[in-house]
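Asks: Would you mind keeping the following structure in view while I ask a few things?
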2 protein chains.
Amino acid sequence: MKNRQVLKVFNKTIKEIMPSIYLWLFIGAIASALNTLLTIMIPKLLIDAVMKKVTISYLLKMLLVIGVSKYVLLETNKWIVIKQNNQKGILNQRTMKRFAKKITAIDYSYLEDPDILDLKERATFAVQSYGALEVIVNSMIKFLTAVFTLVGISGIIIQFNYLFLLIIFVLSALSLVFSYRIVIETQKSTQLVIPINRKYNYYVGQCLNGSQQNDFRIYNMSDMMVDKIADLNMESMRWFDKLYIKIANILSIQSLLNHLTQFVTFTYGAIRVLSTQFGTKITIGEFTLLVGASQQFSTAFMFAVESYFKFIESLNYLEPFAQFMALPESEEKHGEIVPESFETLEFHNISFSYPKSEKKILNNISFSIHKGEKISIVGLNNAGKSTIVKLICRFYRPDEGEILYNGRNIEEYDYDEYMKILAVVFQDYKLFPFTIRENIVAGRTNVSDEEIWQVLEETNIKAAICELPKGLDTYLDKHIHEDGTDFSGGQRQKLAIARSVVKQGELVILDEPTAALDPLAESEIYEDFHRLVRGRTAIFISHRMSSSVFCDKILLLQDGEIKAFDSHTNLMKQNNLYSELFTTQAKNYQLQII
Amino acid sequence: MKNRQVLKVFNKTIKEIMPSIYLWLFIGAIASALNTLLTIMIPKLLIDAVMKKVTISYLLKMLLVIGVSKYVLLETNKWIVIKQNNQKGILNQRTMKRFAKKITAIDYSYLEDPDILDLKERATFAVQSYGALEVIVNSMIKFLTAVFTLVGISGIIIQFNYLFLLIIFVLSALSLVFSYRIVIETQKSTQLVIPINRKYNYYVGQCLNGSQQNDFRIYNMSDMMVDKIADLNMESMRWFDKLYIKIANILSIQSLLNHLTQFVTFTYGAIRVLSTQFGTKITIGEFTLLVGASQQFSTAFMFAVESYFKFIESLNYLEPFAQFMALPESEEKHGEIVPESFETLEFHNISFSYPKSEKKILNNISFSIHKGEKISIVGLNNAGKSTIVKLICRFYRPDEGEILYNGRNIEEYDYDEYMKILAVVFQDYKLFPFTIRENIVAGRTNVSDEEIWQVLEETNIKAAICELPKGLDTYLDKHIHEDGTDFSGGQRQKLAIARSVVKQGELVILDEPTAALDPLAESEIYEDFHRLVRGRTAIFISHRMSSSVFCDKILLLQDGEIKAFDSHTNLMKQNNLYSELFTTQAKNYQLQII
């Protein structure tokens with residue numbers, strides 16, 4: 001994206017959520033510039049008055065007038081800043097809300113795409129840590145203030161001599177060239193240091209991460225890690241030292257230019273006081289005004305340039321955010337049909353590769369599931385078992401073929417309505433830091449307490465919740481809610497299952513959530529689940545081969561293809577991967593029991 | 001920790017790793033203060049000269065002298081800043097190195113203590129994100145510069161009138177009282193907003209986290225989450241708006257005080273020019289000097305106060321770092337005996353609770369393991385299986401009882417030497433972003449390629465590594481090494497096992513690393529491992545009950561106690577948890593096969 005496009009996104013965002021920000025930005029800049037101009041004028045007024053030997057009472061009156069007008073300006077300016085702070089707060093808040101909403105709305109496939117995840121990280125950094133929107137607004141304010149100040153000061157200086165203004169301008173512009181050099185050198189060094197810093201941060205992260213410390217200690221890795229960190233740090237420091245020296249040299253030239261400007265100003269001013277060589281004599285007050293104006297000219301010029309560079313820099317930071325906000329959303333691809341009660345789900349010649357991967361994870365597979373059937377999907381690691389679930393959930397679209405729900409392509413259904421059919425317990429299911437009730441009721445309205453308690457009883461978790469003083473209204477996270485509760489892994493899985501039951505989706509999917517449970521807890525959950533699924537259609541994925549014994553049919557996946565789709569009894573009669581897997585796990589148990 | 005103690009830690013750190021920083025800090029402050037004083041003097045010198053109607057050539061000479069001396073000062077100052085930047089870089093680098101080293105050296109138990117982990121997080125924030133050390137150094141530089149400037153300016157003003165200096169001082173001090181009010185109000189509001197922000201950041205984190213998006217979508221959680229975020233943001237904004245207005249009101253009073261100072265200065269100066277009421281008449285040049293000095297006095301006073309507050313604030317930030325660096329280290333508790341070849345390992349009446357937990361995870365357990373035995377530890381979730389491993393690894397110390405290695409308490413052995421005995425594959429084993437060779441050789445020197453390849457062949461991973469163009473020198477992480485490789489879960493586990501084999505520890509421990517593998521990969525790894533362990537002593541922990549069939553003895557843990565320590569055959573003859581667990585897992589396999 002070019003800066004212009006990023007600016008468009010920024011402008012659109014401002015216009016949609018806080019258009020008045022531009023008005024206040026303008027008013028604030030004018031008030032601030034006026035204040036600076038008044039500050040330059042004061043010494044001149046005073047010195048001129050004193051030189052004319054005015055009375056002290058006249059002087060005091062004058063000082064009072066100046067003081068009051070300056071006070072009014074400062075006060076105005078301050079209330080403008082309060083208003084601006086408030087606006088920036090709201091702007092940030094609304095932007096974060098939009099960003100959060102966007103993340104939950106984009107095509108799911110993006111969330112497993114490393115490039116998009118990287119983009120999301122950079123966008124998060126831009127709006128959360130760097131505060132790009134605020135930085136842009138701030139640099140706009142500074143730029144406008146500097147420009148208005150420059151205009152006012154030019155008005156003052158030109159009354160002395162337009163050629164002098166031109167010289168001051170040329171000297172400032174020359175200095176600008178060197179400022180630009182600094183920006184370029186800094187960018188160049190930063191680019192060089194980025195890969196080093198990336199490694200550095202990664203290693204530091206590893207070192208700071210407590211969860212690695214067991215292997216660190218047993219395998220004595222810490223010295224190696226600390227040395228690598230020190231080496232990388234040294235390497236990036238070498239670059240920065242070089243940069244500092246380059247910058248120092250440039251600054252030295254700029255400082256020379258700065259002194260030249262001062263020298264020219266003082267000389268020109270003094271000559272104007274002492275002689276008529278360059279025009280009529282000026283008073284000491286005017287001399288002071290000229291010197292003050294010239295200094296402020298350089299300062300304002302530098303501010304204008306700096307804030308412009310900052311503006312461009314912040315646009316660069318905002319770029320990933322703008323790109324992210326432009327990603328297409330899941331709902332954009334939906335149809336509008338409301339799905340009817342579950343009858344069949346069919347995979348028709350489905351092929352699928354993950355984005356940016358060449359491996360065909362599913363290769364022309366077809367099968368159908370009918371109402372009330374219990375299906376187990378079996379295969380080696382990475383055989384594509386979870387991929388089938390993701391395709392059913394419309395997280396990804398198949399590359400080829402169609403998935404039909406009741407004979408109609410699932411994409412023709414309204415996205416939200418289709419989601420209502422599905423009750424899924426994912427392998428990496430997540431509960432949220434809400435109350436137990438909010439977690440369980442998720443996505444449904446008007447669920448009675450009775451219904452919730454019944455499901456909790458059926459999932460064998462009622463007793464544990466009854467013990468909690470706040471019952472269903474207990475928060476599921478001690479981390480941010482002090483009166484929250486921390487359930488064990490088994491209890492959390494039961495809650496996740498309860499959630500899927502309360503949802504009343506007609507197609508129930510259980511993707512091996514029992515990996516870390518002991519045999520008793522595992523067996524309990526499977527038995528509960530089979531009971532809870534009742535008459536509904538269900539798909540199971542598990543590495544515990546034993547769980548497929550209960551199912552009507554087993555879908556055997558191998559090398560992206562369906563090797564079999566049959567009952568346990570039939571599959572065990574043949575020599576196939578399923579019987580091999582089953583026998584491998586079973587043999588140790590048999591050894592003893594037969 | 002009190003600020004004084006934190007300052008002591010800071011001072012000690014500086015003295016140990018970069019004592020010269022103090023010298024440069026001092027020199028830099030003096031040069032910077034001199035530069036400010038010269039800037040105040042210049043207009044006076046010029047105006048006085050011009051008023052005396054000197055010749056232009058004299059004026060030019062004077063300007064040249066002033067210009068050159070200012071240039072020299074600025075140049076000096078710049079090179080000091082370069083030096084200081086370099087020093088700050090090195091300071092940061094060495095501090096990070098110390099911090100990383102400390103994390104790998106503290107008592108392991110700290111790394112599972114939520115309070116210490118929180119401390120570590122805050123310490124990391126302090127030194128990495130906030131850059132507390134640099135902030136402290138910077139605020140010291142600013143403070144010293146301001147103090148030196150104040151001294152110089154006071155010297156100038158006192159030549160006019162010491163009473164005037166006193167008035168300026170009192171007005172600045174009054175302003176300081178209000179600055180302090182701002183700090184207090186800000187702290188109060190921040191304290192109030194902290195819990196809100198904590199929740200806010202947590203929810204935003206949840207929203208931004210891609211891995212939660214499947215449940216977000218299926219259970220339609222996104223609106224709820226986004227609303228919670230918006231509510232929390234609103235809440236904290238309400239506080240900040242209140243704060244902004246309070247601050248604005250205080251600033252308004254400060255601004256009045258500021259104007260009062262200006263008014264007093266201008267009036268006093270003008271009266272001195274116009275009359276002899278307060279002393280001998282002064283020149284316009286001296287008037288300019290007085291005004292400039294008074295303005296710089298206020299500015300320097302503000303700088304001194306601000307940098308002092310910043311200094312205190314950064315000490316507060318540094319506090320968790322200082323606390324963390326003061327934690328005791330594992331090695332501090334070691335003996336010095338070098339352990340001999342493995343004969344026995346005995347648990348003698350060991351009781352253990354995790355720090356800050358009341359639950360006795362192990363309650364008076366005793367058992368011994370003899371050379372060459374293969375032991376399986378079996379129990380429900382949280383029965384204390386992994387705790388036994390952690391105690392053997394000296395990650396924790398038992399609350400009661402002793403662990404004896406060859407009849408001697410393990411704590412009597414030299415820590416590093418004792419670690420050499422252990423070859424552990426943890427449940428959450430980690431490989432590091434180093435080369436394959438560095439990962440495997442970890443902790444040993446002089447391992448021949450031949451030996452490595454042999455182990456890799458035995459762990460069935462040689463072929464996969466041979467395929468890589470860089471072989472053993474391939475980095476194990478594509479994330480930061482472009483020519484790195486990403487191995488699958490099964491392959492990584494094989495490497496972790498290879499690492500434990502190369503280590504040649506005499507006591508091999510395998511803590512259920514196969515949770516997420518398919519039955520074939522799992523079975524392969526167990527078979528490999530049993531073969532690789534050969535004559536060595538070994539402890540296994542696994543939820544796959546079948547793996548205990550191979551072991552000599554099974555240690556059955558229940559409710560923190562040892563219920564049995566016997567062979568599989570003997571245990572299966574009785575009615576106990578082991579036979580129940582085994583039968584539960586086995587029955588589904590039998591159903592079909594018998």
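Chain labels A, B, ... are given in the sequence in which chains occur in the structure tokens; within each chain residues are numbered consecutively from 1, and ligands are likewise numbered from 1 in the order shown.
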Where in region 450-501 of chain A does DSSP assign helix (DSSP H, G or I), given as an mmCIF file with N, CA and C atoms, in the first residue's frame?
Replies:
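Dumped everything to out_33.cif:
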data_model
loop_
_atom_site.group_PDB
_atom_site.id
_atom_site.type_symbol
_atom_site.label_atom_id
_atom_site.label_comp_id
_atom_site.auth_asym_id
_atom_site.auth_seq_id
_atom_site.Cartn_x
_atom_site.Cartn_y
_atom_site.Cartn_z
ATOM 1 N N GLU A 450 -32.994 -23.788 34.532
ATOM 2 C CA GLU A 450 -33.332 -25.218 34.632
ATOM 3 C C GLU A 450 -32.602 -26.030 33.571
ATOM 4 N N GLU A 451 -32.708 -25.526 32.344
ATOM 5 C CA GLU A 451 -32.081 -26.235 31.229
ATOM 6 C C GLU A 451 -30.567 -26.326 31.450
ATOM 7 N N ILE A 452 -29.966 -25.196 31.876
ATOM 8 C CA ILE A 452 -28.517 -25.193 32.098
ATOM 9 C C ILE A 452 -28.140 -26.236 33.150
ATOM 10 N N TRP A 453 -28.858 -26.215 34.285
ATOM 11 C CA TRP A 453 -28.525 -27.158 35.365
ATOM 12 C C TRP A 453 -28.690 -28.596 34.920
ATOM 13 N N GLN A 454 -29.699 -28.823 34.086
ATOM 14 C CA GLN A 454 -29.908 -30.204 33.626
ATOM 15 C C GLN A 454 -28.710 -30.684 32.799
ATOM 16 N N VAL A 455 -28.283 -29.811 31.885
ATOM 17 C CA VAL A 455 -27.125 -30.182 31.059
ATOM 18 C C VAL A 455 -25.886 -30.381 31.948
ATOM 19 N N LEU A 456 -25.719 -29.492 32.931
ATOM 20 C CA LEU A 456 -24.556 -29.598 33.805
ATOM 21 C C LEU A 456 -24.596 -30.895 34.610
ATOM 22 N N GLU A 457 -25.795 -31.325 34.939
ATOM 23 C CA GLU A 457 -25.923 -32.587 35.650
ATOM 24 C C GLU A 457 -25.528 -33.740 34.732
ATOM 25 N N GLU A 458 -26.029 -33.658 33.507
ATOM 26 C CA GLU A 458 -25.720 -34.730 32.555
ATOM 27 C C GLU A 458 -24.232 -34.799 32.229
ATOM 28 N N LYS A 462 -22.272 -30.550 37.589
ATOM 29 C CA LYS A 462 -23.209 -29.774 38.408
ATOM 30 C C LYS A 462 -22.688 -29.606 39.842
ATOM 31 N N ALA A 463 -22.253 -30.711 40.436
ATOM 32 C CA ALA A 463 -21.847 -30.683 41.845
ATOM 33 C C ALA A 463 -20.760 -29.652 42.083
ATOM 34 N N ALA A 464 -19.748 -29.643 41.193
ATOM 35 C CA ALA A 464 -18.627 -28.710 41.363
ATOM 36 C C ALA A 464 -19.092 -27.264 41.299
ATOM 37 N N ILE A 465 -20.093 -26.989 40.448
ATOM 38 C CA ILE A 465 -20.568 -25.607 40.313
ATOM 39 C C ILE A 465 -21.464 -25.225 41.486
ATOM 40 N N CYS A 466 -22.239 -26.186 41.971
ATOM 41 C CA CYS A 466 -23.099 -25.920 43.140
ATOM 42 C C CYS A 466 -22.269 -25.491 44.349
ATOM 43 N N GLY A 471 -22.257 -19.704 42.148
ATOM 44 C CA GLY A 471 -22.878 -20.627 41.208
ATOM 45 C C GLY A 471 -22.579 -20.310 39.761
ATOM 46 N N LEU A 472 -23.633 -20.224 38.969
ATOM 47 C CA LEU A 472 -23.477 -20.003 37.528
ATOM 48 C C LEU A 472 -22.850 -18.644 37.218
ATOM 49 N N ASP A 473 -22.901 -17.738 38.165
ATOM 50 C CA ASP A 473 -22.377 -16.396 37.899
ATOM 51 C C ASP A 473 -20.917 -16.236 38.322
ATOM 52 N N GLY A 489 -8.433 -29.305 34.160
ATOM 53 C CA GLY A 489 -8.563 -29.636 32.741
ATOM 54 C C GLY A 489 -9.813 -30.457 32.451
ATOM 55 N N GLY A 490 -10.050 -31.465 33.280
ATOM 56 C CA GLY A 490 -11.210 -32.331 33.070
ATOM 57 C C GLY A 490 -12.511 -31.558 33.233
ATOM 58 N N GLN A 491 -12.556 -30.711 34.256
ATOM 59 C CA GLN A 491 -13.770 -29.918 34.493
ATOM 60 C C GLN A 491 -14.015 -28.934 33.353
ATOM 61 N N ARG A 492 -12.942 -28.360 32.850
ATOM 62 C CA ARG A 492 -13.078 -27.412 31.742
ATOM 63 C C ARG A 492 -13.617 -28.110 30.501
ATOM 64 N N GLN A 493 -13.122 -29.343 30.291
ATOM 65 C CA GLN A 493 -13.613 -30.069 29.127
ATOM 66 C C GLN A 493 -15.090 -30.398 29.272
ATOM 67 N N LYS A 494 -15.492 -30.694 30.498
ATOM 68 C CA LYS A 494 -16.908 -30.967 30.713
ATOM 69 C C LYS A 494 -17.744 -29.719 30.431
ATOM 70 N N LEU A 495 -17.212 -28.561 30.825
ATOM 71 C CA LEU A 495 -17.928 -27.310 30.537
ATOM 72 C C LEU A 495 -18.009 -27.071 29.030
ATOM 73 N N ALA A 496 -16.912 -27.345 28.340
ATOM 74 C CA ALA A 496 -16.906 -27.162 26.886
ATOM 75 C C ALA A 496 -17.950 -28.067 26.250
ATOM 76 N N ILE A 497 -18.064 -29.289 26.790
ATOM 77 C CA ILE A 497 -19.063 -30.212 26.256
ATOM 78 C C ILE A 497 -20.469 -29.714 26.608
ATOM 79 N N ALA A 498 -20.632 -29.228 27.847
ATOM 80 C CA ALA A 498 -21.939 -28.686 28.237
ATOM 81 C C ALA A 498 -22.340 -27.548 27.300
ATOM 82 N N ARG A 499 -21.359 -26.700 26.972
ATOM 83 C CA ARG A 499 -21.630 -25.597 26.056
ATOM 84 C C ARG A 499 -22.146 -26.107 24.715
ATOM 85 N N SER A 500 -21.493 -27.167 24.230
ATOM 86 C CA SER A 500 -21.909 -27.691 22.920
ATOM 87 C C SER A 500 -23.293 -28.322 23.007
ATOM 88 N N VAL A 501 -23.647 -28.861 24.185
ATOM 89 C CA VAL A 501 -24.968 -29.471 24.325
ATOM 90 C C VAL A 501 -26.041 -28.388 24.386
#
Asks: Write out as a PyMOL selection string the residues lying within 9 Å of region 46-56 of chain B, counting only C-alpha atoms and excluding same-chain residues fewer than 6 positions away.
Replies: (chain A and resi 266-267+270-271+273-274+284+287-288) or (chain B and resi 62-63+283-286+288)
Asks: Find the distance between CA of Val6 (chain A) and CA of Glu319 (chain A) and write it in Å to one decimal.
Replies: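 Computing the Euclidean distance for CA of Val6 (chain A) and CA of Glu319 (chain A) yields 5.8 Å.
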Asks: Using only C-alpha atoms, which of the listed residues (A:Ala33, A:Leu150, A:Met96, A:Ile141) sits closest to chain B?
Replies: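 Among the listed residues, A:Met96 lies closest to chain B.
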Asks: Restricting the calculation to only C-alpha atoms, which member of B:Glu482, B:Asp528, B:Glu467, B:Glu358 is positioned closest to chain A?
Replies: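 The shortest atom-to-atom distance to chain A comes from B:Glu482.
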Asks: Neighbouring residues of Arg181 (chain B) were defined as those with any atom within 12 Å, considering only C-alpha atoms; residues of the same chain fewer than 6 positions away were excluded. Please report them as a ChimeraX atom specification.
Replies: /B:174-175,187-188,243,246-251,253-254,309
Asks: Please provide the set of residues having any atom within 8 Å of region 543-552 of chain B, restricted to only C-alpha atoms, with same-chain residues fewer than 2 positions apart removed, written as a VMD selection string.
Replies: (chain A and resid 517 to 519 585 588 to 589) or (chain B and resid 373 to 376 378 512 526 540 to 541 554 566 to 568 581 to 582 585)
Asks: Mind checking which residues fall within 9 Å of Ala322 (chain B), counting only C-alpha atoms, ignoring those fewer than 5 positions away in the same chain, and posting them as a ChimeraX atom specification?
Replies: /B:1,5-7,9-10,123
Asks: Write a file of the selected residues as a PDB file, in the first residue's frame, keeping C-alpha atoms.
Replies:
ATOM      1  CA  MET B   1      11.778  -2.655  48.648  1.00  0.00           C
ATOM      2  CA  GLN B   5      17.413  -0.178  48.336  1.00  0.00           C
ATOM      3  CA  VAL B   6      16.490  -0.071  44.644  1.00  0.00           C
ATOM      4  CA  LEU B   7      18.984   2.757  44.205  1.00  0.00           C
ATOM      5  CA  VAL B   9      20.934  -2.231  43.450  1.00  0.00           C
ATOM      6  CA  PHE B  10      21.122   0.248  40.567  1.00  0.00           C
ATOM      7  CA  ALA B 123      11.015  -6.912  35.713  1.00  0.00           C
TER       8      ALA B 123
END
Asks: Identify, with DSSP run on backbone atoms, the residues in region 382-520 of chain A assigned to strand (DSSP E), and express the list as a list in words.
Replies: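 Reading the DSSP output for region 382-520 of chain A, strand (DSSP E) covers Glu400, Gly401, Glu402, Ile403, Leu404, Tyr405, Arg408, Asn409, Leu422, Ala423, Val424, Val425, Leu507, Val508, Ile509, Leu510 and Asp511 of chain A.
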Asks: Which polymer residues have any atom within 9 Å of an atom of His259 (chain A), counting only C-alpha atoms, with same-chain residues fewer than 6 positions away left out, as a list in words?
Replies: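 Listing them by chain and then by number gives Gly67, Lys70 and Tyr71 of chain B.
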Asks: Would you output that residue set with N, CA, C and O atoms, as a PDB file, in the first residue's frame?
Replies:
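That gives us out14.pdb:
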ATOM      1  N   GLY B  67      30.611  32.985  18.645  1.00  0.00           N
ATOM      2  CA  GLY B  67      30.220  31.842  17.791  1.00  0.00           C
ATOM      3  C   GLY B  67      31.151  30.663  17.997  1.00  0.00           C
ATOM      4  O   GLY B  67      30.709  29.531  18.188  1.00  0.00           O
ATOM      5  N   LYS B  70      30.720  29.026  21.385  1.00  0.00           N
ATOM      6  CA  LYS B  70      29.479  28.248  21.458  1.00  0.00           C
ATOM      7  C   LYS B  70      29.605  26.966  20.637  1.00  0.00           C
ATOM      8  O   LYS B  70      29.139  25.897  21.040  1.00  0.00           O
ATOM      9  N   TYR B  71      30.261  27.096  19.483  1.00  0.00           N
ATOM     10  CA  TYR B  71      30.425  25.925  18.625  1.00  0.00           C
ATOM     11  C   TYR B  71      31.238  24.855  19.341  1.00  0.00           C
ATOM     12  O   TYR B  71      30.888  23.681  19.325  1.00  0.00           O
TER      13      TYR B  71
END
Asks: Taking into account only C-alpha atoms, which residue in the set B:Gln427, B:Asn35, B:Ser252, B:Ser139 is nearest to chain A?
Replies: B:Ser252
Asks: Taking only C-alpha atoms into account, which of B:Asn220, B:Ser179, B:Ser154, B:Ser69 comes nearest chain A?
Replies: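 With only C-alpha atoms as the atom set, the closest residue is B:Asn220.
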Asks: Considering only C-alpha atoms, return as a list in words whatever protein or nucleic-acid residues lie within 12 Å of Leu38 (chain A), sequence-local ones (same chain, fewer than 5 positions apart) excluded.
Replies: Ala31, Ser32, Ala33, Pro43, Lys44, Leu45, Val65, Ile66, Gly67, Val68, Ser69, Lys70, Tyr71, Val72, Leu73, Leu74, Thr149, Gly152, Ile153, Ile156, Leu289, Gly292, Ala293 and Gln296 of chain A
Asks: Counting only C-alpha atoms, which residue out of A:Thr190, A:Asn11, A:Asn209, A:Ser353 sits closest to chain B?
Replies: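 Of all the options, A:Asn209 lies closest to chain B.
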Asks: For region 357-384 of chain B against region 397-416 of chain B, with a cut-off of 10 Å and counting only C-alpha atoms, what is the closest atom pair and its distance in Å to one decimal for every residue that makes the cut, ordered by chain and number, as CSV?
Replies:
residue,atom,partner,partner_atom,distance
B:Lys360,CA,B:Asp399,CA,9.8
B:Leu362,CA,B:Pro398,CA,9.1
B:Asn363,CA,B:Glu400,CA,9.1
B:Asn364,CA,B:Gly401,CA,7.6
B:Ile365,CA,B:Gly401,CA,8.7
B:Ser366,CA,B:Gly401,CA,8.9
B:Phe367,CA,B:Ile403,CA,9.8
B:Ser368,CA,B:Leu404,CA,9.0
B:Ile369,CA,B:Tyr405,CA,9.8
B:His370,CA,B:Asn406,CA,9.5
Asks: Using only C-alpha atoms, can you tell me which of A:Ile196, A:Ile106, A:Leu166, A:Val226 comes closest to chain B?
Replies: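 Smallest distance to chain B is found for A:Val226.
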Asks: Just the number, please: distance in Å from CA of Tyr475 (chain B) to CA of Asp231 (chain A), one decimal.
Replies: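 Separation of CA of Tyr475 (chain B) and CA of Asp231 (chain A): 17.3 Å.
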